[in-house]
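Here is the structure we will look at, set down as structure tokens.
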Amino acid sequence: MNRIAIVFFSASVLVSAQNFQPPSWGQGAGQGSGQGAGQGQGSIQQQINQLQSQIEKLRAKQRQMSRPPVQTQTGPVTGHPISGKETRQTTQKLADGTDINHSDTSSFYRDSAGRMRAESPNGIEIFDPVAQVEYDVAPQLKKYAHSFFGGHVSYVAIAAYGNTTESHINSGNSNAASEAQTGTTEDLGKQMVNGVMTTGSKVTITIPAGVIGNNREIKVVNERWYSDELQVLVKSINTDPRFGVNVYELTDIKQTEPDISLFKVPADYKLVANNGDLWRRN
């Protein structure tokens, strides 16, 4: 089970990682004994923990840059129930002329209370802001794992595709999507897409030469069509020379209240200790 944030990061992430300088620490560590020394040691440990956290965040963003994008639906959104079919298609042409094509479909549900469910044949992700719980469900194994969160959730993204489910929950004040998407933005105006009025935008991210061993700059273009009224992503086209063309679409859109049972785990499913156990068949 992988948990990752939404997917587009600028080259500045890698540059920041390469130029990262640790904070200076140790001030006051040897300026006395007793309480003063204890405070100094506590300060050192706090700064070490901060450094480790910063390094892990940079590593996570670097790993994200090395994987193809996966579009997710985000929230929490209340008062706009919706359901539909999610389609993800990837087309890639290799240097020898070989074409690689892959597609999968899943289902997405959201009720008026902001509950969300992303479902593929092999995995289900459920986010319930009312009960303040998130479920990772393996329907073929009849197993599930859960985690509780408290307080206000400002941002959540979930997806289910292939053999994988993904989620990201942010309880801070910042929007993870705006943090992730940086670059030059072009307004594409309004357009009806899959029966829904949407607003289009095109974000172009430039990875400078030499950042990831590339001998010239790489242009990554992400076109998105988003319904401001329903607060849902309807279509996106991501073009990246490293991964090919990735197209996401939400179709068969229905603005009706989903059955509440979709946001609960069946009673005969087994709770496991962690997500590693969830996907272990024995």
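Naming scheme: A, B, ... for chains in displayed order of the structure tokens; residues 1 onward per chain; ligands 1 onward as shown.
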
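Neighbours of Glu125 (chain A) closer than or equal to 9 Å, with only C-alpha atoms counted and sequence neighbours fewer than 4 positions away skipped, come out as Met116, Arg117, Ala118, Glu119, Glu134, Tyr135, Asp136, Val137, Ile158, Ala159, Ala160, Thr165, Glu166 and Ser167 of chain A.
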
Residues as selected, N, CA and C atoms, written as a PDB file, in the first residue's frame, can you do that?
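Resulting contents of again28.pdb:
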```
ATOM      1  N   MET A 116     -15.873  10.030   0.840  1.00  0.00           N
ATOM      2  CA  MET A 116     -15.365   9.708  -0.488  1.00  0.00           C
ATOM      3  C   MET A 116     -15.003   8.223  -0.556  1.00  0.00           C
ATOM      4  N   ARG A 117     -15.222   7.630  -1.728  1.00  0.00           N
ATOM      5  CA  ARG A 117     -14.854   6.235  -1.958  1.00  0.00           C
ATOM      6  C   ARG A 117     -14.292   6.119  -3.364  1.00  0.00           C
ATOM      7  N   ALA A 118     -13.085   5.570  -3.482  1.00  0.00           N
ATOM      8  CA  ALA A 118     -12.470   5.240  -4.766  1.00  0.00           C
ATOM      9  C   ALA A 118     -12.342   3.723  -4.806  1.00  0.00           C
ATOM     10  N   GLU A 119     -12.856   3.106  -5.864  1.00  0.00           N
ATOM     11  CA  GLU A 119     -12.966   1.645  -5.890  1.00  0.00           C
ATOM     12  C   GLU A 119     -12.500   1.066  -7.212  1.00  0.00           C
ATOM     13  N   GLU A 134     -10.252   6.629   8.036  1.00  0.00           N
ATOM     14  CA  GLU A 134      -9.920   6.275   6.660  1.00  0.00           C
ATOM     15  C   GLU A 134      -9.749   4.754   6.594  1.00  0.00           C
ATOM     16  N   TYR A 135     -10.308   4.143   5.549  1.00  0.00           N
ATOM     17  CA  TYR A 135     -10.225   2.702   5.377  1.00  0.00           C
ATOM     18  C   TYR A 135      -9.468   2.353   4.100  1.00  0.00           C
ATOM     19  N   ASP A 136      -8.573   1.367   4.198  1.00  0.00           N
ATOM     20  CA  ASP A 136      -7.954   0.724   3.040  1.00  0.00           C
ATOM     21  C   ASP A 136      -8.510  -0.693   2.990  1.00  0.00           C
ATOM     22  N   VAL A 137      -9.169  -1.048   1.904  1.00  0.00           N
ATOM     23  CA  VAL A 137      -9.904  -2.301   1.839  1.00  0.00           C
ATOM     24  C   VAL A 137      -9.399  -3.148   0.674  1.00  0.00           C
ATOM     25  N   ILE A 158      -7.733  10.884  -2.869  1.00  0.00           N
ATOM     26  CA  ILE A 158      -7.774   9.430  -2.881  1.00  0.00           C
ATOM     27  C   ILE A 158      -7.876   8.928  -4.313  1.00  0.00           C
ATOM     28  N   ALA A 159      -7.372   7.717  -4.539  1.00  0.00           N
ATOM     29  CA  ALA A 159      -7.452   7.076  -5.845  1.00  0.00           C
ATOM     30  C   ALA A 159      -7.348   5.577  -5.676  1.00  0.00           C
ATOM     31  N   ALA A 160      -7.965   4.833  -6.582  1.00  0.00           N
ATOM     32  CA  ALA A 160      -7.839   3.375  -6.643  1.00  0.00           C
ATOM     33  C   ALA A 160      -7.666   2.999  -8.104  1.00  0.00           C
ATOM     34  N   THR A 165      -4.151   1.344  -4.065  1.00  0.00           N
ATOM     35  CA  THR A 165      -4.932   2.497  -3.624  1.00  0.00           C
ATOM     36  C   THR A 165      -3.969   3.527  -3.062  1.00  0.00           C
ATOM     37  N   GLU A 166      -4.324   4.783  -3.217  1.00  0.00           N
ATOM     38  CA  GLU A 166      -3.460   5.864  -2.740  1.00  0.00           C
ATOM     39  C   GLU A 166      -4.297   6.900  -2.013  1.00  0.00           C
ATOM     40  N   SER A 167      -3.691   7.523  -1.017  1.00  0.00           N
ATOM     41  CA  SER A 167      -4.383   8.593  -0.307  1.00  0.00           C
ATOM     42  C   SER A 167      -3.369   9.563   0.276  1.00  0.00           C
TER      43      SER A 167
END
```

### Task
Go through region 33-266 of chain A and collect every residue that DSSP, computed from the backbone, puts in helix (DSSP H, G or I); the answer should be as number ranges by chain.
A: 35-65, 176-180, 260-263

May I have a table of the residues of region 156-251 of chain A lying at most 12 Å from region 93-115 of chain A, giving each one's closest pair of atoms and their distance in Å to one decimal, counting only C-alpha atoms, ordered by chain and ascending residue number, as a tab-separated table?
```
residue	atom	partner	partner_atom	distance
A:Val156	CA	A:Gly114	CA	10.5
A:Ala157	CA	A:Arg115	CA	11.7
A:Ile158	CA	A:Phe108	CA	9.4
A:Ala159	CA	A:Phe108	CA	8.4
A:Ala160	CA	A:Ser106	CA	6.6
A:Tyr161	CA	A:Ser106	CA	6.3
A:Gly162	CA	A:Asp104	CA	6.6
A:Asn163	CA	A:Asp104	CA	10.4
A:Thr164	CA	A:Ser106	CA	11.2
A:Thr165	CA	A:Ser106	CA	10.7
A:Leu230	CA	A:Arg110	CA	10.7
A:Gln231	CA	A:Arg110	CA	11.0
A:Val232	CA	A:Arg110	CA	10.0
A:Leu233	CA	A:Phe108	CA	11.3
A:Val234	CA	A:Phe108	CA	11.6
A:Asp240	CA	A:Lys93	CA	11.4
A:Pro241	CA	A:Lys93	CA	9.4
A:Arg242	CA	A:Leu94	CA	9.8
A:Phe243	CA	A:Lys93	CA	8.9
A:Gly244	CA	A:Lys93	CA	6.9
A:Val245	CA	A:Lys93	CA	9.3
A:Asn246	CA	A:His102	CA	9.5
A:Val247	CA	A:Ser103	CA	9.3
A:Tyr248	CA	A:Ser103	CA	9.8
A:Glu249	CA	A:Thr105	CA	9.6
A:Leu250	CA	A:Phe108	CA	8.5
A:Thr251	CA	A:Ser107	CA	9.6
```

### Query
What gap, in Å, lies between CA of Tyr269 (chain A) and CA of Gln140 (chain A)?
10.2 Å

### Query
Near Pro139 (chain A), within 7 Å and counting only C-alpha atoms, which residues show up once chain neighbours fewer than 2 positions away are dropped, as a VMD selection string?
chain A and resid 122 to 123 137 141 to 143

For N, CA and C atoms, I'd like the residues from the last selection saved as a short mmCIF file (atom, residue, chain, number, x, y, z; two decimals), in the first residue's frame.
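Once everything was written out, this is again36.cif:
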```
data_model
loop_
_atom_site.label_atom_id
_atom_site.label_comp_id
_atom_site.auth_asym_id
_atom_site.auth_seq_id
_atom_site.Cartn_x
_atom_site.Cartn_y
_atom_site.Cartn_z
N ASN A 122 -9.52 -4.48 -7.23
CA ASN A 122 -8.55 -5.03 -6.28
C ASN A 122 -8.34 -4.18 -5.03
N GLY A 123 -8.90 -2.99 -4.98
CA GLY A 123 -8.66 -2.13 -3.83
C GLY A 123 -9.69 -1.04 -3.69
N VAL A 137 -9.17 -1.05 1.90
CA VAL A 137 -9.90 -2.30 1.84
C VAL A 137 -9.40 -3.15 0.67
N LEU A 141 -9.50 -10.20 -0.66
CA LEU A 141 -9.03 -10.89 0.54
C LEU A 141 -9.99 -10.76 1.71
N LYS A 142 -11.00 -9.90 1.56
CA LYS A 142 -11.93 -9.59 2.64
C LYS A 142 -11.18 -9.12 3.88
N LYS A 143 -10.24 -8.20 3.66
CA LYS A 143 -9.47 -7.61 4.74
C LYS A 143 -9.51 -6.08 4.63
#
```

### Message
I need the residue nearest Ser227 (chain A) from this list: A:Leu188, A:Leu271, A:Met197, A:Leu51. Use only C-alpha atoms for the distance.
### Response
A:Met197

### Task
Would you mind listing what lies within 6 Å of Thr204 (chain A) as a PyMOL selection string, with only C-alpha atoms counted and same-chain residues fewer than 2 positions away left out?
chain A and resi 183-184+220-221

#### Entry: DSSP strand (DSSP E) selection over region 72-234 of chain A, as a PyMOL selection string
chain A and resi 73-75+82-93+99-110+116-120+123-128+133-138+143-148+155-161+164-170+184-193+196-207+218-227+232-234

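Between CA of Arg224 (chain A) and CA of Pro129 (chain A) the interatomic distance comes to 26.4 Å.
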
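Ranking A:Lys85, A:Lys270, A:Lys190, A:Lys235 by their shortest atom-to-atom distance to Gln71 (chain A), with only C-alpha atoms included, puts A:Lys235 first.
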